[in-house]
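*Asks:* This one is my_file.cif, mmCIF, C-alpha atoms and all ligand atoms.
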data_coords
#
loop_
_atom_site.label_atom_id
_atom_site.label_comp_id
_atom_site.auth_asym_id
_atom_site.auth_seq_id
_atom_site.Cartn_x
_atom_site.Cartn_y
_atom_site.Cartn_z
CA MET A 1 57.08 54.29 -1.14
CA THR A 2 55.75 53.37 -4.59
CA THR A 3 53.64 55.76 -6.65
CA SER A 4 51.13 54.86 -9.39
CA PRO A 5 49.61 57.39 -11.78
CA VAL A 6 45.84 57.17 -12.22
CA ASP A 7 43.14 59.39 -13.67
CA VAL A 8 40.69 59.22 -10.80
CA ALA A 9 41.10 58.01 -7.23
CA VAL A 10 37.82 57.37 -5.41
CA ILE A 11 38.30 57.28 -1.63
CA GLY A 12 35.59 55.22 0.09
CA ALA A 13 33.32 52.47 -1.24
CA GLY A 14 30.02 53.15 0.49
CA GLN A 15 26.95 54.23 -1.44
CA ALA A 16 28.62 57.41 -2.67
CA GLY A 17 31.93 55.89 -3.76
CA LEU A 18 30.30 52.95 -5.54
CA SER A 19 27.94 55.29 -7.38
CA ALA A 20 30.91 57.34 -8.59
CA ALA A 21 32.80 54.20 -9.63
CA TYR A 22 29.75 52.86 -11.51
CA HIS A 23 29.19 56.12 -13.39
CA LEU A 24 32.87 56.48 -14.26
CA GLN A 25 32.91 52.95 -15.58
CA ARG A 26 29.82 53.58 -17.72
CA ARG A 27 31.70 56.49 -19.24
CA GLY A 28 34.73 54.42 -20.21
CA PHE A 29 36.92 54.40 -17.11
CA VAL A 30 38.47 51.05 -16.24
CA PRO A 31 40.02 49.78 -13.02
CA ALA A 32 43.70 50.73 -12.81
CA PRO A 33 46.35 49.61 -13.63
CA ALA A 34 45.27 49.72 -17.24
CA ASP A 35 45.49 52.05 -20.18
CA GLU A 36 44.02 55.36 -19.21
CA PRO A 37 41.42 56.45 -18.35
CA GLY A 38 41.82 54.50 -15.17
CA VAL A 39 40.10 54.62 -11.83
CA VAL A 40 41.11 53.19 -8.48
CA VAL A 41 38.62 52.74 -5.64
CA LEU A 42 40.20 52.62 -2.18
CA ASP A 43 38.29 51.52 0.91
CA ALA A 44 39.44 51.23 4.51
CA GLU A 45 37.06 48.40 5.44
CA ASP A 46 37.89 44.69 5.31
CA GLY A 47 34.72 43.98 3.33
CA PRO A 48 31.98 45.63 1.22
CA GLY A 49 29.04 47.61 2.65
CA GLY A 50 30.50 50.94 3.85
CA ALA A 51 28.96 52.06 7.12
CA TRP A 52 26.08 49.58 6.81
CA GLN A 53 28.42 46.90 8.16
CA HIS A 54 28.49 48.70 11.50
CA ARG A 55 24.87 49.72 12.08
CA TRP A 56 23.35 48.28 15.25
CA GLU A 57 21.94 44.80 15.09
CA SER A 58 18.34 45.80 15.80
CA LEU A 59 18.23 48.12 12.76
CA ARG A 60 16.13 45.95 10.46
CA MET A 61 15.28 46.27 6.79
CA GLY A 62 11.76 47.19 7.90
CA SER A 63 13.02 50.01 10.11
CA VAL A 64 15.70 51.67 7.96
CA ASN A 65 14.56 55.05 6.84
CA GLY A 66 14.10 54.21 3.15
CA ILE A 67 17.10 52.85 1.28
CA HIS A 68 17.77 54.03 -2.23
CA GLU A 69 19.28 51.27 -4.34
CA LEU A 70 22.73 51.65 -5.89
CA PRO A 71 22.55 52.81 -9.53
CA GLY A 72 21.70 50.13 -12.05
CA HIS A 73 20.93 47.23 -9.71
CA PRO A 74 17.90 46.87 -7.38
CA VAL A 75 18.15 45.79 -3.75
CA PRO A 76 16.80 42.22 -3.75
CA PRO A 77 13.56 41.70 -1.80
CA ALA A 78 14.47 41.35 1.86
CA ASP A 79 12.70 40.12 4.97
CA PRO A 80 11.70 43.29 6.91
CA ASP A 81 13.01 41.57 10.06
CA ALA A 82 16.48 40.94 8.60
CA PRO A 83 19.23 43.17 10.06
CA SER A 84 20.30 45.85 7.56
CA ARG A 85 23.92 45.15 8.58
CA ASP A 86 23.56 41.67 7.01
CA VAL A 87 21.40 42.44 3.96
CA LEU A 88 23.06 45.60 2.68
CA PRO A 89 26.73 44.54 2.81
CA ALA A 90 25.79 41.40 0.84
CA TYR A 91 24.02 43.61 -1.72
CA PHE A 92 27.08 45.88 -1.96
CA ALA A 93 29.36 42.86 -2.41
CA ASP A 94 27.18 41.56 -5.22
CA TYR A 95 27.14 45.01 -6.79
CA GLU A 96 30.93 45.37 -6.79
CA GLU A 97 31.30 41.97 -8.38
CA ARG A 98 28.54 42.43 -10.96
CA PHE A 99 30.07 45.65 -12.27
CA GLY A 100 33.72 44.64 -11.78
CA LEU A 101 34.47 47.68 -9.65
CA ALA A 102 37.69 46.14 -8.24
CA VAL A 103 37.61 47.94 -4.90
CA ARG A 104 40.96 47.73 -3.08
CA ARG A 105 40.79 46.97 0.64
CA PRO A 106 41.72 47.37 3.29
CA VAL A 107 43.33 50.59 2.06
CA ARG A 108 43.17 53.59 4.35
CA VAL A 109 44.05 56.97 2.87
CA ARG A 110 46.16 58.96 5.32
CA ALA A 111 46.66 62.16 3.34
CA VAL A 112 45.82 63.91 0.09
CA ARG A 113 48.22 66.63 -0.98
CA ARG A 114 49.25 68.54 -4.12
CA ALA A 115 52.19 67.07 -6.02
CA ASP A 116 53.44 70.56 -6.93
CA ASP A 117 52.24 74.12 -7.59
CA ASP A 118 50.80 73.31 -11.02
CA PRO A 119 47.02 73.70 -10.67
CA ARG A 120 46.63 71.16 -13.47
CA GLY A 121 49.09 68.76 -11.91
CA ARG A 122 48.31 65.69 -9.81
CA LEU A 123 46.99 65.15 -6.33
CA LEU A 124 48.92 62.62 -4.29
CA VAL A 125 46.73 60.12 -2.43
CA GLU A 126 48.89 58.55 0.28
CA ALA A 127 47.55 55.32 1.72
CA GLU A 128 48.28 52.34 3.95
CA THR A 129 47.74 49.09 2.07
CA PRO A 130 48.25 45.48 3.23
CA ALA A 131 51.53 45.55 1.26
CA GLY A 132 52.70 48.76 2.93
CA PRO A 133 52.43 52.47 2.11
CA HIS A 134 51.41 53.35 -1.45
CA THR A 135 50.69 56.62 -3.25
CA TRP A 136 48.38 57.19 -6.19
CA ALA A 137 49.07 60.34 -8.25
CA ALA A 138 45.61 61.26 -9.51
CA ARG A 139 44.29 63.88 -11.87
CA HIS A 140 41.06 63.95 -9.88
CA VAL A 141 40.11 62.72 -6.43
CA ILE A 142 36.55 61.86 -5.44
CA ASN A 143 36.26 61.81 -1.66
CA ALA A 144 33.43 59.56 -0.44
CA THR A 145 34.52 58.77 3.11
CA GLY A 146 31.18 59.26 4.88
CA THR A 147 30.77 60.11 8.55
CA TRP A 148 30.62 56.82 10.48
CA ARG A 149 34.03 57.07 12.12
CA ARG A 150 33.35 60.55 13.43
CA PRO A 151 30.52 60.36 15.96
CA PHE A 152 29.77 63.80 17.39
CA TRP A 153 29.67 64.17 21.20
CA PRO A 154 28.62 67.57 22.51
CA HIS A 155 30.20 68.71 25.79
CA TYR A 156 28.24 69.56 28.90
CA PRO A 157 29.47 70.62 32.33
CA GLY A 158 30.07 67.68 34.62
CA GLN A 159 30.18 65.13 31.81
CA ASP A 160 33.30 63.48 33.19
CA THR A 161 31.73 63.03 36.63
CA PHE A 162 28.87 60.81 35.44
CA ALA A 163 28.97 57.51 37.33
CA GLY A 164 26.79 55.60 34.85
CA THR A 165 27.35 54.60 31.24
CA GLN A 166 27.65 57.08 28.38
CA LEU A 167 27.63 55.90 24.81
CA HIS A 168 27.07 57.25 21.33
CA VAL A 169 24.71 55.68 18.78
CA HIS A 170 27.91 54.64 17.00
CA ASP A 171 28.46 52.06 19.78
CA TYR A 172 24.85 51.04 20.41
CA VAL A 173 24.19 47.30 20.18
CA ASP A 174 20.65 46.59 21.36
CA ALA A 175 18.06 47.62 23.94
CA ALA A 176 18.40 44.44 26.02
CA ARG A 177 21.53 45.68 27.75
CA PHE A 178 19.57 48.65 29.16
CA ALA A 179 16.76 46.53 30.63
CA GLY A 180 15.42 48.01 33.85
CA ARG A 181 17.75 51.02 33.75
CA ARG A 182 17.06 54.76 33.52
CA VAL A 183 18.20 55.98 30.11
CA VAL A 184 18.48 59.59 28.94
CA ILE A 185 18.38 59.80 25.15
CA VAL A 186 19.88 62.96 23.64
CA GLY A 187 19.05 64.11 20.12
CA ALA A 188 16.28 65.18 17.77
CA GLY A 189 17.06 63.04 14.73
CA ILE A 190 15.70 59.80 13.34
CA SER A 191 17.99 57.56 15.36
CA ALA A 192 17.03 59.26 18.65
CA VAL A 193 13.34 58.59 18.08
CA GLN A 194 13.93 55.10 16.74
CA LEU A 195 16.01 54.12 19.77
CA LEU A 196 13.58 55.84 22.14
CA ASP A 197 10.85 53.54 20.84
CA GLU A 198 13.09 50.50 21.12
CA ILE A 199 14.67 51.17 24.52
CA SER A 200 11.46 52.39 26.17
CA ARG A 201 10.07 48.86 25.79
CA VAL A 202 12.56 47.55 28.35
CA ALA A 203 13.79 50.61 30.26
CA ASP A 204 12.69 53.92 31.72
CA THR A 205 13.48 56.59 29.08
CA PHE A 206 13.80 60.37 29.20
CA TRP A 207 14.16 62.16 25.86
CA VAL A 208 15.96 65.53 25.54
CA SER A 209 17.26 67.70 22.73
CA ARG A 210 18.27 71.32 22.21
CA THR A 211 15.22 72.11 20.11
CA GLU A 212 11.91 70.34 19.97
CA PRO A 213 11.54 68.58 16.62
CA SER A 214 8.63 69.65 14.47
CA TRP A 215 6.50 66.87 13.12
CA ASP A 216 5.59 66.74 9.42
CA ALA A 217 1.90 66.15 9.06
CA GLY A 218 2.33 64.53 5.64
CA GLU A 219 3.81 61.15 4.86
CA PHE A 220 6.74 62.76 3.04
CA ASP A 221 6.84 66.50 2.56
CA THR A 222 8.82 66.81 -0.66
CA ALA A 223 8.71 70.61 -0.86
CA ALA A 224 10.11 71.00 2.66
CA ARG A 225 12.77 68.42 1.92
CA ILE A 226 13.90 70.13 -1.28
CA GLU A 227 14.07 73.42 0.60
CA ALA A 228 16.08 71.80 3.40
CA ILE A 229 18.57 70.28 0.97
CA ALA A 230 18.93 73.67 -0.77
CA GLY A 231 19.70 75.18 2.64
CA VAL A 232 22.46 72.65 3.32
CA GLU A 233 23.77 73.20 -0.23
CA ALA A 234 23.99 76.96 0.42
CA ARG A 235 25.86 76.31 3.68
CA VAL A 236 28.55 74.15 2.09
CA ARG A 237 28.97 76.57 -0.81
CA GLN A 238 29.93 79.20 1.78
CA GLY A 239 32.29 76.83 3.58
CA LEU A 240 30.09 76.42 6.65
CA PRO A 241 30.00 72.97 8.28
CA PRO A 242 27.11 71.08 6.65
CA GLY A 243 23.98 71.00 8.80
CA SER A 244 21.73 68.00 9.01
CA VAL A 245 18.84 67.88 6.57
CA ILE A 246 16.49 66.52 9.25
CA SER A 247 17.05 69.56 11.45
CA VAL A 248 15.37 71.62 8.75
CA THR A 249 12.70 69.24 7.50
CA GLY A 250 11.50 68.02 10.89
CA GLN A 251 10.59 64.47 11.79
CA ARG A 252 8.24 62.24 9.86
CA TRP A 253 5.59 60.14 11.55
CA THR A 254 7.48 56.92 10.98
CA PRO A 255 6.01 53.69 12.40
CA TRP A 256 8.45 53.83 15.34
CA ALA A 257 7.59 57.46 16.13
CA GLN A 258 3.90 56.60 16.02
CA ALA A 259 4.46 53.52 18.20
CA ALA A 260 6.39 55.56 20.77
CA LYS A 261 3.62 58.15 20.78
CA ASP A 262 0.91 55.52 21.18
CA ARG A 263 2.70 54.07 24.19
CA GLY A 264 3.04 57.53 25.74
CA VAL A 265 6.86 57.61 25.71
CA LEU A 266 7.38 60.20 22.96
CA VAL A 267 7.68 62.98 25.53
CA TRP A 268 10.16 65.68 24.66
CA HIS A 269 12.17 67.64 27.27
CA PRO A 270 14.55 70.56 26.78
CA MET A 271 18.27 69.86 26.91
CA PHE A 272 19.78 69.43 30.36
CA THR A 273 22.24 72.09 31.49
CA ALA A 274 24.70 69.87 33.36
CA ILE A 275 25.58 66.26 34.09
CA GLU A 276 26.01 65.06 37.67
CA PRO A 277 27.26 61.70 38.94
CA ASP A 278 23.75 60.20 39.16
CA GLY A 279 21.77 62.08 36.54
CA VAL A 280 21.18 65.33 34.72
CA ARG A 281 20.25 68.83 35.87
CA MET A 282 17.39 70.41 33.93
CA PRO A 283 17.06 74.11 32.95
CA ASP A 284 14.33 74.66 35.59
CA GLY A 285 16.75 73.40 38.28
CA SER A 286 15.09 70.01 38.71
CA PHE A 287 17.17 66.82 38.75
CA HIS A 288 16.51 63.73 36.64
CA PRO A 289 18.25 60.53 37.78
CA ALA A 290 19.97 58.43 35.09
CA ASP A 291 22.05 55.27 34.76
CA VAL A 292 22.78 55.70 31.05
CA ILE A 293 23.16 58.65 28.68
CA LEU A 294 22.80 57.73 25.01
CA TRP A 295 24.11 60.43 22.68
CA ALA A 296 22.13 60.29 19.41
CA THR A 297 23.82 63.49 18.35
CA GLY A 298 24.94 62.68 14.85
CA PHE A 299 28.19 62.43 12.97
CA ARG A 300 30.65 64.75 11.24
CA ALA A 301 32.39 64.42 7.86
CA ASP A 302 35.41 62.10 8.04
CA ILE A 303 37.84 64.25 6.08
CA ALA A 304 40.95 64.73 8.24
CA HIS A 305 43.08 63.20 5.45
CA LEU A 306 42.24 66.23 3.26
CA ALA A 307 43.92 68.62 5.74
CA PRO A 308 47.19 68.97 3.73
CA LEU A 309 45.16 70.66 0.98
CA GLY A 310 44.42 73.55 3.36
CA LEU A 311 40.78 73.87 2.29
CA ARG A 312 39.20 74.31 5.71
CA THR A 313 37.50 77.69 6.09
CA PRO A 314 37.61 79.62 9.39
CA ALA A 315 33.99 78.47 9.85
CA GLY A 316 35.16 74.84 9.79
CA GLY A 317 33.82 73.57 6.46
CA ILE A 318 35.08 73.16 2.90
CA ARG A 319 33.59 75.32 0.15
CA VAL A 320 31.79 72.90 -2.18
CA ALA A 321 29.40 73.54 -5.07
CA ARG A 322 27.75 70.78 -7.09
CA THR A 323 30.07 68.23 -5.42
CA ARG A 324 33.27 70.10 -6.41
CA SER A 325 35.66 71.87 -4.06
CA LEU A 326 35.63 75.54 -5.03
CA ASP A 327 39.20 76.00 -3.79
CA GLU A 328 40.68 72.77 -5.24
CA PRO A 329 38.79 71.90 -8.45
CA ARG A 330 40.55 68.54 -8.77
CA LEU A 331 38.72 67.39 -5.65
CA PHE A 332 35.08 66.30 -5.38
CA LEU A 333 33.26 65.62 -2.12
CA ILE A 334 30.29 63.30 -2.34
CA GLY A 335 28.08 62.03 0.45
CA TYR A 336 29.00 65.39 1.98
CA GLY A 337 26.48 68.05 3.02
CA PRO A 338 23.36 67.92 0.84
CA SER A 339 24.26 64.46 -0.54
CA GLN A 340 24.30 62.74 2.88
CA SER A 341 21.58 60.20 2.13
CA THR A 342 21.48 57.14 -0.04
CA VAL A 343 19.64 58.95 -2.84
CA GLY A 344 21.86 62.03 -2.46
CA ALA A 345 25.01 59.88 -2.54
CA ASN A 346 23.84 58.23 -5.77
CA ARG A 347 23.25 61.56 -7.49
CA ALA A 348 26.47 63.08 -6.21
CA GLY A 349 28.48 60.11 -7.55
CA ARG A 350 26.87 60.58 -10.96
CA ASP A 351 27.43 64.36 -10.94
CA ALA A 352 31.12 64.05 -10.02
CA ALA A 353 31.66 61.43 -12.75
CA ARG A 354 29.91 63.62 -15.32
CA ALA A 355 31.99 66.67 -14.38
CA ILE A 356 35.24 64.71 -14.72
CA VAL A 357 34.23 63.26 -18.08
CA ALA A 358 33.14 66.70 -19.37
CA GLU A 359 36.49 68.12 -18.34
CA ARG A 360 38.46 65.39 -20.11
CA ARG A 361 36.58 66.20 -23.31
CA ASP A 362 37.06 69.93 -22.99
CA PRO A 363 39.60 70.91 -20.32
CA ALA A 364 39.06 74.63 -20.89
CA ARG A 365 35.32 74.52 -20.36
CA THR A 366 34.86 73.30 -16.86
CA ARG A 367 37.54 74.99 -14.81
P1 LIG B 1 29.75 55.23 4.08
O1 LIG B 1 28.74 54.18 3.89
O2 LIG B 1 30.16 55.57 5.49
O3 LIG B 1 31.05 54.78 3.28
C1 LIG B 1 32.27 55.45 3.44
C2 LIG B 1 33.38 54.47 3.17
O4 LIG B 1 34.60 55.20 3.14
C3 LIG B 1 33.51 53.43 4.26
O5 LIG B 1 33.61 52.15 3.70
C4 LIG B 1 34.81 53.83 4.98
O6 LIG B 1 35.52 52.75 5.52
C5 LIG B 1 35.57 54.47 3.85
N1 LIG B 1 36.59 55.39 4.34
C6 LIG B 1 36.47 56.36 5.30
N2 LIG B 1 37.65 56.99 5.45
C7 LIG B 1 38.52 56.43 4.60
C8 LIG B 1 39.89 56.65 4.30
N3 LIG B 1 40.59 57.61 4.91
N4 LIG B 1 40.48 55.86 3.38
C9 LIG B 1 39.77 54.90 2.73
N5 LIG B 1 38.47 54.66 2.97
C10 LIG B 1 37.86 55.41 3.89
N6 LIG B 1 20.33 57.09 4.62
C11 LIG B 1 19.24 56.66 3.96
O7 LIG B 1 19.02 57.08 2.82
N7 LIG B 1 18.37 55.76 4.55
C12 LIG B 1 18.57 55.30 5.83
O8 LIG B 1 17.80 54.51 6.35
C13 LIG B 1 19.72 55.77 6.55
N8 LIG B 1 19.97 55.34 7.82
C14 LIG B 1 21.07 55.81 8.47
C15 LIG B 1 21.32 55.39 9.77
C16 LIG B 1 22.42 55.88 10.48
C17 LIG B 1 22.66 55.45 11.89
C18 LIG B 1 23.30 56.79 9.86
C19 LIG B 1 24.51 57.34 10.58
C20 LIG B 1 23.07 57.21 8.54
C21 LIG B 1 21.95 56.73 7.85
N9 LIG B 1 21.67 57.15 6.56
C22 LIG B 1 20.58 56.67 5.88
C23 LIG B 1 22.58 58.01 5.85
C24 LIG B 1 23.30 57.04 4.91
O9 LIG B 1 23.88 55.99 5.67
C25 LIG B 1 24.34 57.68 4.18
O10 LIG B 1 23.94 58.86 3.55
C26 LIG B 1 24.97 56.78 3.13
O11 LIG B 1 24.73 55.39 3.29
C27 LIG B 1 26.40 57.01 3.37
O12 LIG B 1 27.12 56.53 2.29
P2 LIG B 1 28.58 57.04 2.09
O13 LIG B 1 29.10 56.33 0.90
O14 LIG B 1 28.63 58.54 2.06
O15 LIG B 1 29.37 56.63 3.44
#
Once more with this new file: its structure as structure tokens, please.
*Replies:*
Amino acid sequence: MTTSPVDVAVIGAGQAGLSAAYHLQRRGFVPAPADEPGVVVLDAEDGPGGAWQHRWESLRMGSVNGIHELPGHPVPPADPDAPSRDVLPAYFADYEERFGLAVRRPVRVRAVRRADDDPRGRLLVEAETPAGPHTWAARHVINATGTWRRPFWPHYPGQDTFAGTQLHVHDYVDAARFAGRRVVIVGAGISAVQLLDEISRVADTFWVSRTEPSWDAGEFDTAARIEAIAGVEARVRQGLPPGSVISVTGQRWTPWAQAAKDRGVLVWHPMFTAIEPDGVRMPDGSFHPADVILWATGFRADIAHLAPLGLRTPAGGIRVARTRSLDEPRLFLIGYGPSQSTVGANRAGRDAARAIVAERRDPARTR
């Protein structure tokens, strides 16, 4: 296997990874191989766009939950009816080209490990490339691998006995394939409510979640949002698995939530206690028949390749403060925890780049 030295390896070229690459480049980093300081951006996809390439077809530019543009280049005006999976990957492609970010794909990182015991030594980023296995020996690693490939499915008694269809939002295509069926939608987040509105137009829906979402009266409650992000930040600093920001802020009255309410389908029920072949058993003992269970239960951080670093706490998270791993200061995690949004990913990319640049100038100061 060949090994190339590099200053910074960025893993993932979604919103977070591209932001980091942009900010590094603005501060003098150039795509490797080149004279240092060099940066390499590795992405597992065949094309640009990160997870946006895989969002369901009916998610339109008019129904995404507010996209924050990549740093330094606005999203071009888009038809609100255009699928986000078409518009945003094209925007990302243009962005990479405009700033010469030289993303390498498809390159999947399999493992990140320490080269030796020297805490100032290199981290080895081991990857599969089209030309075979390759390792980059990096001074710093910025992990920006998102969550899309790790849909979260909770477990309930009887789940395996269900005779109908179970799917996660990850695999949702459109409402048409549920026409005339009885669909249980599980989850309290934005996608649950959005798909409830959409599916209830053609099918019989039944919405459940563990806790009833609270509804923000305001258009956008900034104070609650800042508080929620601070809460997630505190969790990841302690090494707890990052919680979702929405679970703390509550739901906004988005157009789709309002539409579902107006049509009388935004009716919340407590979580079922068990799954049976033809439906779900409710906490009061009643039975609700179902043909489909749609799990809108979120995603988890896609970080299995970091396992050789041994950073996982007993609670199941990685201790991170201001994007940096507290237990492996050569590693940054962006788009993780409090930065899991397009605006958060942008800021996290900038913060990681700034920290690396500050450390190059004054190695003693930042560790
Ligand atoms: P991603 O876009 O997932 O990019 C990660 C990249 O890393 C991918 O290209 C992936 O292939 C690559 N990768 C993963 N593992 C490896 C590996 N081992 N080696 C190499 N590459 C790897 N946020 C908003 O602000 N507005 C919205 O409207 C919105 N809608 C959303 C809808 C859904 C259904 C979901 C799940 C999230 C949504 N979010 C939204 C959150 C938002 O998508 C993210 O915060 C942001 O886009 C994620 O960017 P990212 O760079 O962290 O991850």
*Asks:* List as number ranges by chain the protein and nucleic acid residues lying within 7 Å of ligand LIG 1 (chain B), with all atoms listed in the file counted.
*Replies:* A: 11-17, 42-45, 49-52, 55, 64-68, 107-110, 144-148, 191, 298-299, 302, 305, 334-336, 339-343, 345
*Asks:* Go ahead and dump the residues you just picked, C-alpha atoms, as a PDB file, in the coordinates of the input.
*Replies:*
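Writing the result to again_14.pdb gives the following:
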ATOM      1  CA  ILE A  11      38.300  57.280  -1.630  1.00  0.00           C
ATOM      2  CA  GLY A  12      35.590  55.220   0.090  1.00  0.00           C
ATOM      3  CA  ALA A  13      33.320  52.470  -1.240  1.00  0.00           C
ATOM      4  CA  GLY A  14      30.020  53.150   0.490  1.00  0.00           C
ATOM      5  CA  GLN A  15      26.950  54.230  -1.440  1.00  0.00           C
ATOM      6  CA  ALA A  16      28.620  57.410  -2.670  1.00  0.00           C
ATOM      7  CA  GLY A  17      31.930  55.890  -3.760  1.00  0.00           C
ATOM      8  CA  LEU A  42      40.200  52.620  -2.180  1.00  0.00           C
ATOM      9  CA  ASP A  43      38.290  51.520   0.910  1.00  0.00           C
ATOM     10  CA  ALA A  44      39.440  51.230   4.510  1.00  0.00           C
ATOM     11  CA  GLU A  45      37.060  48.400   5.440  1.00  0.00           C
ATOM     12  CA  GLY A  49      29.040  47.610   2.650  1.00  0.00           C
ATOM     13  CA  GLY A  50      30.500  50.940   3.850  1.00  0.00           C
ATOM     14  CA  ALA A  51      28.960  52.060   7.120  1.00  0.00           C
ATOM     15  CA  TRP A  52      26.080  49.580   6.810  1.00  0.00           C
ATOM     16  CA  ARG A  55      24.870  49.720  12.080  1.00  0.00           C
ATOM     17  CA  VAL A  64      15.700  51.670   7.960  1.00  0.00           C
ATOM     18  CA  ASN A  65      14.560  55.050   6.840  1.00  0.00           C
ATOM     19  CA  GLY A  66      14.100  54.210   3.150  1.00  0.00           C
ATOM     20  CA  ILE A  67      17.100  52.850   1.280  1.00  0.00           C
ATOM     21  CA  HIS A  68      17.770  54.030  -2.230  1.00  0.00           C
ATOM     22  CA  VAL A 107      43.330  50.590   2.060  1.00  0.00           C
ATOM     23  CA  ARG A 108      43.170  53.590   4.350  1.00  0.00           C
ATOM     24  CA  VAL A 109      44.050  56.970   2.870  1.00  0.00           C
ATOM     25  CA  ARG A 110      46.160  58.960   5.320  1.00  0.00           C
ATOM     26  CA  ALA A 144      33.430  59.560  -0.440  1.00  0.00           C
ATOM     27  CA  THR A 145      34.520  58.770   3.110  1.00  0.00           C
ATOM     28  CA  GLY A 146      31.180  59.260   4.880  1.00  0.00           C
ATOM     29  CA  THR A 147      30.770  60.110   8.550  1.00  0.00           C
ATOM     30  CA  TRP A 148      30.620  56.820  10.480  1.00  0.00           C
ATOM     31  CA  SER A 191      17.990  57.560  15.360  1.00  0.00           C
ATOM     32  CA  GLY A 298      24.940  62.680  14.850  1.00  0.00           C
ATOM     33  CA  PHE A 299      28.190  62.430  12.970  1.00  0.00           C
ATOM     34  CA  ASP A 302      35.410  62.100   8.040  1.00  0.00           C
ATOM     35  CA  HIS A 305      43.080  63.200   5.450  1.00  0.00           C
ATOM     36  CA  ILE A 334      30.290  63.300  -2.340  1.00  0.00           C
ATOM     37  CA  GLY A 335      28.080  62.030   0.450  1.00  0.00           C
ATOM     38  CA  TYR A 336      29.000  65.390   1.980  1.00  0.00           C
ATOM     39  CA  SER A 339      24.260  64.460  -0.540  1.00  0.00           C
ATOM     40  CA  GLN A 340      24.300  62.740   2.880  1.00  0.00           C
ATOM     41  CA  SER A 341      21.580  60.200   2.130  1.00  0.00           C
ATOM     42  CA  THR A 342      21.480  57.140  -0.040  1.00  0.00           C
ATOM     43  CA  VAL A 343      19.640  58.950  -2.840  1.00  0.00           C
ATOM     44  CA  ALA A 345      25.010  59.880  -2.540  1.00  0.00           C
TER      45      ALA A 345
END
*Asks:* Pick out the closest residue to Ala127 of chain A from this set: A:Gln258, A:Thr313, A:Thr2, A:Ser19. Count all atoms listed in the file.
*Replies:*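 Closest to Ala127 of chain A of all the choices is A:Thr2.
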*Asks:* Once 8 Å is added on each side, what centre and edge lengths in Å to one decimal does the axis-aligned box around all listed atoms of segment 137-143 of chain A have, as JSON?
*Replies:*
{"center_x": 42.7, "center_y": 62.1, "center_z": -6.8, "size_x": 28.8, "size_y": 19.6, "size_z": 26.2}
*Asks:* Counting all atoms listed in the file, which residue out of A:Ala175, A:Val292, A:Ile303, A:Val236 sits closest to Asn143 of chain A?
*Replies:*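 Nearest candidate to Asn143 of chain A out of A:Ala175, A:Val292, A:Ile303, A:Val236: A:Ile303.
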*Asks:* Write out as a list in words which residues come within 10 Å of Asp278 of chain A when counting all atoms listed in the file, dropping same-chain ones fewer than 5 positions away.
*Replies:* Thr161, Phe162, Ala163, Gly164, Phe287, His288, Pro289, Ala290, Asp291 and Val292 of chain A
*Asks:* Taking 3 positions as the minimum chain separation for residues in the same chain, which residues sit within 12 Å of Pro5 of chain A when counting all atoms listed in the file? Answer as a ChimeraX atom specification.
*Replies:* /A:2,8-9,32-40,115,121-125,134-140
*Asks:* Have a look at atom CA of His54 of chain A and atom CA of Phe272 of chain A and let me know their distance in Å, one decimal.
*Replies:*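 Spanning atom CA of His54 of chain A to atom CA of Phe272 of chain A is a straight-line distance of 29.3 Å.
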*Asks:* Skip Leu195 of chain A itself and residues of its chain fewer than 2 positions away, then list as an NGL selection string all residues within 10 Å of it, counting only C-alpha atoms.
*Replies:* :A and (58-59 or 169 or 172 or 174-175 or 185 or 190-193 or 197-201 or 205 or 256-257 or 260 or 294 or 296)
*Asks:* As an exercise, work out the distance from atom CA of Gln194 of chain A to atom CA of Asp216 of chain A in Å and give it to one decimal place.
*Replies:*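 Interatomic distance here is 16.1 Å.
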*Asks:* From the list A:Val75, A:Ile142, A:Val280, A:Leu266, which residue is nearest Ala352 of chain A when using only C-alpha atoms?
*Replies:*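 Of A:Val75, A:Ile142, A:Val280, A:Leu266, the one nearest Ala352 of chain A, counting only C-alpha atoms, is A:Ile142.
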*Asks:* Which is closer to Arg312 of chain A than all the others in A:Pro241, A:Arg360, A:Phe152, A:Arg27, using only C-alpha atoms?
*Replies:* A:Pro241
